[in-house]
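*Asks:* My questions will all concern the structure given below.
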Amino acid sequence: MKMIERIPRASRPLLTFMTALVVGPLSAQPAWAAMVEADNDNTGIGQIIVTANRRAQDLQEVPTSVSAITADQLKDLGVTSTTAIAQYVPGVQLMSVNSNTDNFFSIRGATQNDYAEHEESPVAVYMDGVYLSQAAGTGALLFDTERVEVLRGPQGTLFGRNATAGLVQYISKGPTDHPDGYFETSYGNYNANHTELAFGTGIVDGLSFRISLASDYMDPYLKNALYPDKGGANSNSRAARLQLLWKPNDWFDANLNLHAVILNDRAGLYKFLNVYGDPDNHGLATYVPANLNPWGTCDGCDILGYKNPSYFDYYTSAADIVGYNKEHMYGSTLTLHGHFLDSLTLTSISDFTLYYKNYNEDSESTPQDLIQFWTAVDTKQYSQELHVDNGGEGRVRWVAGVYALKMNGKYEVGNGQGDDYYALIPFGPSPGSDSLYTIDTKSWSEFAQAEFDVVKDLTLTVGGRWSTEEKEFNYNYYAQETGFKGSPYIDPQPYFQINPSQNGDAARIHRGDWSGKVALDYHVTDGIMPYVSWNKGLKAGGFSAAANPYLPINLFKYDEEKLYAWEAGIKTEFLDHRVRFNADYFKYSYVGYQAFNTVGVNSFITNNPGKMRGGEAELTVAPLKGLTIRAGLALLDAWIENIALPDGTITDVRPSQAPKTNITSSVNYNFDLWGRGTMQVGAEYSYRSLLYYSLLNDPASRQAGYGLLNLRAEYTTPDGHWSFKLHGENVTNKEYLNNSIVGGGYGFGQGSPGMPVTYGIRFSYHL
C-alpha cells in the first residue's frame, strides 16, 4: 500500500473527515476507524491513522502516548493471541492468573492481579468498539485484524469506566464490496497448529459480508508426571466472526458483527513452588532452602513432606488431578453510522455478550491430596453507546455522547481440601467450601471532548465525562461443597452471607463521579509537535470475593480508584520521514489505588495512595528501501503506600508487574529476489528488568530480569498470493515465570512458566 501523500496541515481536517466517511464505513467499523500505513519504500516510514480521539487522526498529531500495531506487523510478528501484544509495546506487561486463563494488562505499572473472575482491570480492553468486562474474555484468538492500538494513561473521557491505566483496542477487518480474503495454516513443535480463513465480498449492491474463522491447538509444554498422556496444560480453541455491512447510500451504513469463541483446554497445572512464611522477613513468602525444615517434615520439604524430584525439569510437575478450562463467549454487535447536515456523524454501537467459564485445578500441583480450586462464570453484558461528532472539521472539532452498560454476573469460587491437608490444618468446619455470588452492575455516563485551535498551530483539547455506577453484591459462603456447576448441595444453608437486605451499603454501591482531560499541543513544524496534558481517571469500586469466610465484612467492599496524571511529550518526524521519534514523561498520583493483598489464606482489595513516574520512547528508522528498525524503551519508578505485611508492618511496596526497565526492539528487511519473489527476514527482542508478581513483594514472587528473542524468515511468490514462513520464538529457550501466586500461610506457591522455545512453518494464501 502506498503512503498517503503528505499535505499541508491546513488541509488535513478535510482528509481526516473524508477518511472517516469513506474508509471507515467500507471497513465496517465506526466512522472514526481507519488506518493507513505505507510499506517502507523510497518515500519513508509512512503515515499511521489511529482513533485515540474517536475519529481518524495521524498518530503524530494525537497529544497522548499511543502505540499502534498494524495488520502487516501483526502478520509479520505472527501474533495469534490478544495477549501476545504485550511483548511488542514498551510499558505494557501481561498478568495471567488461574493457569493463564484470566488475563490483565499492566500499563505503566498499574494492573489488577486478583484471581477472582469478576474483577475488572484498570486497563480497559475494547473489541470492535465494545468494552470487554470479563478477564476470561480477554485472552481470545486474534485473527483477521486490521490493527491494535495501545493508549497509555487515563482514557476515561472518551472511553469511560475502568481505563485509569490505559486502553487496548482491537479492530477487525471488515467487509468490502469486492472479493478479499486469505487462508493460512501453520505447524510447529508440540504439535502446534494455527489455522485462519477469511473471505468477504459484495452480495448485492449496497450489501457485503465477511466471514472469519480461526482454530488453535498445541500439546502441553508443561507436563504432568502423574498423567503423562492426559495431564499438563495445552491450547485448544476456536473462533468465528460473521459481519454483514449494509450501505444503501452515501449517508448511512449498518454493520452487524456476530462472533463466538470456544476454548476447551487442559489447564490448572503449575510449576510447584516450595515456599514458607519467613519469620525473619516479616512473614513474606520465601523459597524453602534445601537445608531448612520450616514445617517439621523434612529438610527442603513442603508442609506435607514433599519436594520435586531432582530429575524434574523446569516444565514438569506432578498433580494428582487433571485440571481443565472450558470457556464460551458469544456476542452480537450492531454499529450504525448516519451522516447529516454536511459535517455531522451520528454513531450507535449496540452489543450483547454472553460469557461462560468452568475451570478446575490442583492448586499446589503435587501428588499430595491437598487443595483443588475451581471457578465458574455465567455473565450477561449489554451495552449501548450513542455519540455525534463533526468529523474533525473546522477550527473546533468535537465529539459528544452517552453510554450505558448493564452486567448480570453469576460466579462461583470454591476449594476442596483433601484428606491430607484437612487432617493437618482444617480451613473451616468441613474439608471443602464454595462461594456462590452474584454482582449486578449498571453504569451510565455522558461525555464530550473538543479540540480548539487557539491560534495557528496551537490546539487546546478539553474533555469531561460524568459516570454513575450501581452495583449489588449477593455473596453466599457454603461450608460444604455445592455450586451451580453440578456438584451436589450437601448443605443448602449458607455458613456466611453478605447481601443488600442484610448488610445495606456494605453490599451496595451507588456513586457518581467525573473524569476529564486538558491538553495543549503545538506544531513547531509539520514534523515536530510537543504536547502537555492533565487527566483525571476513574475506576469503579467493587467487592472482593474470597473462597473462605475469614474476611471481615468491612474488607469485602472497596472504593473507587482515582488517578491524577500529568504527561508531557513530543512527537517528531524528520529526514524526509525516514525517522520517527516519539517520547513522553508522566507523573501519577493515585487516590485509592485498588491494591490486591494476599495475607495468609485471605485475599482482598484495599484502597491505598500511590505514586508513579516514568516515560516511554519509541524510535522507528527506515534507512534503506525495505529496511525498518524499531526500538522502544519504558522507564518506571512506582510505589504503593501503606501496605500491611503479614507480620503487621506497614510499608511502601512496588506494584506487581512493574519492571523499572522495559525494552522492545525489532528489525525487518524486505528485499527482491531478482524477480522471483520477495524475501523478508526479521527479529524481535524484548527485555523486562526485575519485577514482583505479588503486591507484598514476597521474595518467592520475584522474577529476575529476562530477555526474549524471536526470529523469522518469509518468502512470497512473485504474484504476491503465496507465502512460506519459518519462525522461532524464545529461540534461546529462556526459562521464566509469567506469573506466580505465593503466600506463606498456604505452605505452597503456584508458578506459571512462560513458553519455552517454539518453532514452526506457516503457509499463507491471499487473494
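A note on labels: chains of the C-alpha cells are A, B, ... as shown, every chain counts residues from 1, and ligands are counted from 1 in their shown order.
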Compile the contact shell of Glu470 in chain A as a count of residues only: residues with an atom at most 9 Å away, counting only C-alpha atoms, same-chain residues fewer than 2 positions apart removed.
*Replies:* 11
*Asks:* At a cut-off of 9 Å, can you tabulate as JSON lines every residue of range 199-248 of chain A near range 298-315 of chain A together with its closest atom pair and the distance in Å to one decimal, using only C-alpha atoms and ordering rows by chain then number?
*Replies:*
```
{"residue": "A:Tyr221", "atom": "CA", "partner": "A:Tyr315", "partner_atom": "CA", "distance": 6.8}
{"residue": "A:Leu222", "atom": "CA", "partner": "A:Tyr315", "partner_atom": "CA", "distance": 4.7}
{"residue": "A:Lys223", "atom": "CA", "partner": "A:Tyr315", "partner_atom": "CA", "distance": 6.1}
{"residue": "A:Asn224", "atom": "CA", "partner": "A:Tyr315", "partner_atom": "CA", "distance": 8.8}
{"residue": "A:Ala225", "atom": "CA", "partner": "A:Phe312", "partner_atom": "CA", "distance": 8.6}
```
*Asks:* Which residues are near Ala84 in chain A? Cut-off 12 Å, only C-alpha atoms, ignore same chain within fewer than 6 positions. Put them as a PyMOL selection string.
*Replies:* chain A and resi 69+74+77-78+92-96+103-105+138-142+148+729+754-755
*Asks:* Go ahead and write the selection's residues with all heavy atoms as a short mmCIF file (atom, residue, chain, number, x, y, z; two decimals), in the first residue's frame.
*Replies:*
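result-v2.cif written:
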```
data_model
loop_
_atom_site.label_atom_id
_atom_site.label_comp_id
_atom_site.auth_asym_id
_atom_site.auth_seq_id
_atom_site.Cartn_x
_atom_site.Cartn_y
_atom_site.Cartn_z
N ILE A 69 -0.08 -1.26 16.32
CA ILE A 69 0.46 -2.40 15.58
C ILE A 69 -0.48 -2.65 14.41
O ILE A 69 -1.67 -2.94 14.60
CB ILE A 69 0.57 -3.66 16.45
CG1 ILE A 69 1.36 -3.38 17.72
CG2 ILE A 69 1.22 -4.80 15.68
CD1 ILE A 69 1.45 -4.56 18.67
N LEU A 74 1.25 -7.31 12.55
CA LEU A 74 0.71 -8.48 13.24
C LEU A 74 1.01 -9.75 12.47
O LEU A 74 1.36 -10.79 13.06
CB LEU A 74 -0.80 -8.33 13.43
CG LEU A 74 -1.27 -7.25 14.40
CD1 LEU A 74 -2.78 -7.04 14.28
CD2 LEU A 74 -0.92 -7.61 15.84
N LEU A 77 4.81 -10.50 12.76
CA LEU A 77 5.18 -10.96 14.09
C LEU A 77 4.58 -12.31 14.43
O LEU A 77 5.01 -12.95 15.40
CB LEU A 77 4.75 -9.93 15.14
CG LEU A 77 5.40 -8.55 15.04
CD1 LEU A 77 4.72 -7.57 15.99
CD2 LEU A 77 6.89 -8.63 15.35
N GLY A 78 3.58 -12.73 13.68
CA GLY A 78 2.92 -13.99 13.98
C GLY A 78 2.05 -13.96 15.21
O GLY A 78 1.87 -14.96 15.89
N VAL A 92 4.10 -2.00 28.58
CA VAL A 92 2.94 -2.88 28.70
C VAL A 92 3.40 -4.27 29.14
O VAL A 92 4.31 -4.85 28.54
CB VAL A 92 2.17 -2.98 27.37
CG1 VAL A 92 0.99 -3.93 27.50
CG2 VAL A 92 1.68 -1.60 26.94
N GLN A 93 2.77 -4.79 30.19
CA GLN A 93 3.03 -6.15 30.66
C GLN A 93 1.70 -6.90 30.67
O GLN A 93 0.63 -6.32 30.49
CB GLN A 93 3.64 -6.15 32.07
CG GLN A 93 4.64 -5.05 32.36
CD GLN A 93 5.86 -5.12 31.48
OE1 GLN A 93 6.31 -6.19 31.11
NE2 GLN A 93 6.42 -3.96 31.15
N LEU A 94 1.80 -8.20 30.92
CA LEU A 94 0.60 -9.03 30.99
C LEU A 94 0.60 -9.82 32.28
O LEU A 94 1.58 -10.48 32.61
CB LEU A 94 0.53 -9.99 29.79
CG LEU A 94 -0.71 -10.88 29.76
CD1 LEU A 94 -1.94 -10.05 29.41
CD2 LEU A 94 -0.54 -12.02 28.76
N MET A 95 -0.48 -9.74 33.02
CA MET A 95 -0.67 -10.53 34.23
C MET A 95 -1.67 -11.63 33.91
O MET A 95 -2.81 -11.36 33.55
CB MET A 95 -1.21 -9.66 35.37
CG MET A 95 -1.54 -10.42 36.63
SD MET A 95 -0.12 -11.16 37.44
CE MET A 95 0.56 -9.71 38.26
N SER A 96 -1.24 -12.89 34.01
CA SER A 96 -2.10 -14.05 33.73
C SER A 96 -2.29 -14.84 35.01
O SER A 96 -1.31 -15.22 35.66
CB SER A 96 -1.47 -14.94 32.65
OG SER A 96 -1.37 -14.27 31.42
N ASN A 103 -6.64 -12.88 32.07
CA ASN A 103 -5.53 -12.02 31.68
C ASN A 103 -5.85 -10.56 31.95
O ASN A 103 -6.94 -10.08 31.61
CB ASN A 103 -5.21 -12.21 30.19
CG ASN A 103 -4.86 -13.64 29.85
OD1 ASN A 103 -3.74 -14.08 30.07
ND2 ASN A 103 -5.82 -14.38 29.32
N PHE A 104 -4.88 -9.89 32.57
CA PHE A 104 -5.00 -8.45 32.83
C PHE A 104 -3.75 -7.77 32.29
O PHE A 104 -2.63 -8.17 32.62
CB PHE A 104 -5.10 -8.17 34.33
CG PHE A 104 -6.29 -8.78 35.00
CD1 PHE A 104 -6.16 -9.91 35.78
CD2 PHE A 104 -7.55 -8.24 34.85
CE1 PHE A 104 -7.25 -10.47 36.41
CE2 PHE A 104 -8.66 -8.80 35.47
CZ PHE A 104 -8.51 -9.92 36.25
N PHE A 105 -3.94 -6.74 31.47
CA PHE A 105 -2.80 -5.95 31.02
C PHE A 105 -2.34 -5.02 32.14
O PHE A 105 -3.14 -4.58 32.98
CB PHE A 105 -3.17 -5.12 29.79
CG PHE A 105 -3.26 -5.91 28.53
CD1 PHE A 105 -4.49 -6.21 27.97
CD2 PHE A 105 -2.11 -6.36 27.90
CE1 PHE A 105 -4.58 -6.94 26.79
CE2 PHE A 105 -2.18 -7.09 26.72
CZ PHE A 105 -3.42 -7.39 26.18
N THR A 138 -10.70 -11.85 27.63
CA THR A 138 -9.67 -11.02 27.02
C THR A 138 -8.50 -11.82 26.45
O THR A 138 -7.59 -11.24 25.88
CB THR A 138 -9.11 -10.02 28.04
OG1 THR A 138 -8.58 -10.74 29.17
CG2 THR A 138 -10.21 -9.08 28.53
N GLY A 139 -8.51 -13.15 26.61
CA GLY A 139 -7.39 -13.95 26.10
C GLY A 139 -7.76 -14.75 24.86
O GLY A 139 -7.27 -15.86 24.67
N ALA A 140 -8.63 -14.19 24.03
CA ALA A 140 -9.14 -14.92 22.87
C ALA A 140 -8.13 -14.91 21.72
O ALA A 140 -7.10 -14.25 21.76
CB ALA A 140 -10.46 -14.29 22.42
N LEU A 141 -8.47 -15.67 20.68
CA LEU A 141 -7.65 -15.66 19.48
C LEU A 141 -7.71 -14.30 18.80
O LEU A 141 -8.75 -13.63 18.79
CB LEU A 141 -8.15 -16.73 18.50
CG LEU A 141 -7.92 -18.19 18.89
CD1 LEU A 141 -8.62 -19.12 17.91
CD2 LEU A 141 -6.44 -18.50 18.94
N LEU A 142 -6.59 -13.91 18.21
CA LEU A 142 -6.53 -12.67 17.45
C LEU A 142 -6.36 -13.05 15.99
O LEU A 142 -5.35 -13.66 15.61
CB LEU A 142 -5.36 -11.81 17.93
CG LEU A 142 -5.28 -10.39 17.37
CD1 LEU A 142 -6.47 -9.57 17.86
CD2 LEU A 142 -3.98 -9.72 17.77
N VAL A 148 -4.12 -2.99 16.14
CA VAL A 148 -4.25 -2.93 17.59
C VAL A 148 -3.70 -1.58 18.03
O VAL A 148 -2.63 -1.17 17.59
CB VAL A 148 -3.48 -4.06 18.29
CG1 VAL A 148 -3.66 -3.97 19.80
CG2 VAL A 148 -3.91 -5.42 17.77
N GLU A 729 10.24 -18.66 18.33
CA GLU A 729 10.00 -17.74 19.44
C GLU A 729 10.78 -18.22 20.66
O GLU A 729 10.90 -19.43 20.89
CB GLU A 729 8.50 -17.65 19.78
CG GLU A 729 7.67 -16.94 18.73
CD GLU A 729 7.40 -17.79 17.50
OE1 GLU A 729 7.21 -19.02 17.64
OE2 GLU A 729 7.41 -17.24 16.39
N GLY A 754 6.59 -19.34 31.56
CA GLY A 754 6.43 -18.80 30.22
C GLY A 754 6.76 -19.85 29.18
O GLY A 754 7.34 -20.91 29.47
N MET A 755 6.39 -19.57 27.94
CA MET A 755 6.58 -20.54 26.86
C MET A 755 8.06 -20.83 26.65
O MET A 755 8.88 -19.91 26.60
CB MET A 755 5.98 -19.99 25.58
CG MET A 755 4.47 -19.88 25.60
SD MET A 755 3.66 -21.48 25.47
CE MET A 755 4.01 -21.87 23.78
#
```
*Asks:* With only C-alpha atoms as the counted atoms, please give the residues lying no more than 9 Å from Arg712 in chain A, apart from itself and same-chain residues fewer than 2 positions off, as an mmCIF file with N, CA and C atoms, in the first residue's frame.
*Replies:*
```cif
data_model
loop_
_atom_site.group_PDB
_atom_site.id
_atom_site.type_symbol
_atom_site.label_atom_id
_atom_site.label_comp_id
_atom_site.auth_asym_id
_atom_site.auth_seq_id
_atom_site.Cartn_x
_atom_site.Cartn_y
_atom_site.Cartn_z
ATOM 1 N N ASP A 76 3.516 -10.174 10.280
ATOM 2 C CA ASP A 76 4.956 -10.425 10.330
ATOM 3 C C ASP A 76 5.377 -11.021 11.669
ATOM 4 N N LEU A 77 4.811 -10.500 12.758
ATOM 5 C CA LEU A 77 5.183 -10.957 14.089
ATOM 6 C C LEU A 77 4.582 -12.305 14.435
ATOM 7 N N GLN A 680 11.575 -11.777 3.186
ATOM 8 C CA GLN A 680 11.538 -10.929 4.371
ATOM 9 C C GLN A 680 12.191 -11.671 5.527
ATOM 10 N N VAL A 681 13.121 -11.011 6.183
ATOM 11 C CA VAL A 681 13.746 -11.577 7.378
ATOM 12 C C VAL A 681 13.568 -10.575 8.511
ATOM 13 N N GLY A 682 13.451 -11.100 9.714
ATOM 14 C CA GLY A 682 13.219 -10.202 10.838
ATOM 15 C C GLY A 682 13.557 -10.845 12.161
ATOM 16 N N ALA A 683 13.677 -10.004 13.163
ATOM 17 C CA ALA A 683 13.954 -10.450 14.521
ATOM 18 C C ALA A 683 13.338 -9.459 15.493
ATOM 19 N N GLU A 684 12.915 -9.962 16.667
ATOM 20 C CA GLU A 684 12.393 -9.128 17.738
ATOM 21 C C GLU A 684 13.064 -9.531 19.047
ATOM 22 N N ASN A 710 12.990 -13.549 19.196
ATOM 23 C CA ASN A 710 12.240 -14.241 18.151
ATOM 24 C C ASN A 710 12.922 -14.007 16.806
ATOM 25 N N GLU A 714 10.519 -15.182 5.688
ATOM 26 C CA GLU A 714 9.330 -15.480 4.891
ATOM 27 C C GLU A 714 9.584 -15.190 3.419
ATOM 28 N N LYS A 725 6.685 -19.265 5.545
ATOM 29 C CA LYS A 725 7.404 -18.617 6.630
ATOM 30 C C LYS A 725 7.963 -19.634 7.612
ATOM 31 N N LEU A 726 9.203 -19.419 8.021
ATOM 32 C CA LEU A 726 9.824 -20.139 9.125
ATOM 33 C C LEU A 726 9.929 -19.185 10.308
ATOM 34 N N HIS A 727 9.584 -19.664 11.504
ATOM 35 C CA HIS A 727 9.616 -18.765 12.663
ATOM 36 C C HIS A 727 10.053 -19.525 13.903
ATOM 37 N N GLY A 728 10.636 -18.772 14.840
ATOM 38 C CA GLY A 728 11.018 -19.312 16.139
ATOM 39 C C GLY A 728 10.822 -18.260 17.207
ATOM 40 N N GLU A 729 10.243 -18.658 18.329
ATOM 41 C CA GLU A 729 10.001 -17.738 19.443
ATOM 42 C C GLU A 729 10.778 -18.222 20.663
#
```
*Asks:* Taking the DSSP assignment computed from this structure's backbone, write out as JSON, numbers by chain all residues of range 109-265 of chain A that belong to helix (DSSP H, G or I).
*Replies:* {"A": [135, 136, 137, 156, 157, 158, 159]}
*Asks:* Could you pull the residues within 9 Å of Val653 in chain A, counting only C-alpha atoms, minus those fewer than 3 positions along the same chain, as JSON, numbers by chain?
*Replies:* {"A": [638, 639, 640, 641, 642, 643, 656, 695, 696, 697]}
*Asks:* Skipping near chain neighbours, those fewer than 2 positions away, what residues fall within 9 Å of Lys456 in chain A using only C-alpha atoms, listed as number ranges by chain?
*Replies:* A: 453-454, 458-459, 522-523
*Asks:* Between A:Gly160, A:Gly747, A:Gly283, A:Gly516, which one has atoms that come closest to Ala404 in chain A, using only C-alpha atoms?
*Replies:*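 Closest residue, counting only C-alpha atoms: A:Gly160.
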*Asks:* Near Asn738 in chain A, within 12 Å and counting only C-alpha atoms, which residues show up once chain neighbours fewer than 6 positions away are dropped, as an NGL selection string?
*Replies:* :A and (86-87 or 93-100 or 103-104 or 270-271 or 656-657 or 688 or 691-693 or 701-706 or 750-756)
*Asks:* Name the residues of range 138-384 of chain A that come out as strand (DSSP E or B) in a backbone DSSP run; write them as a PyMOL selection string.
*Replies:* chain A and resi 141+145-152+166-172+180-188+192-204+207-224+233-249+252-265+271-273+275-278+284-287+316-317+324-340+344-362+371-384
*Asks:* Restricting the calculation to only C-alpha atoms: of A:Gly277, A:Gly409, A:Pro289, A:Pro646, which residue gets closest to Thr379 in chain A?
*Replies:*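 Looking only at the distances to Thr379 in chain A, the closest residue turns out to be A:Gly409.
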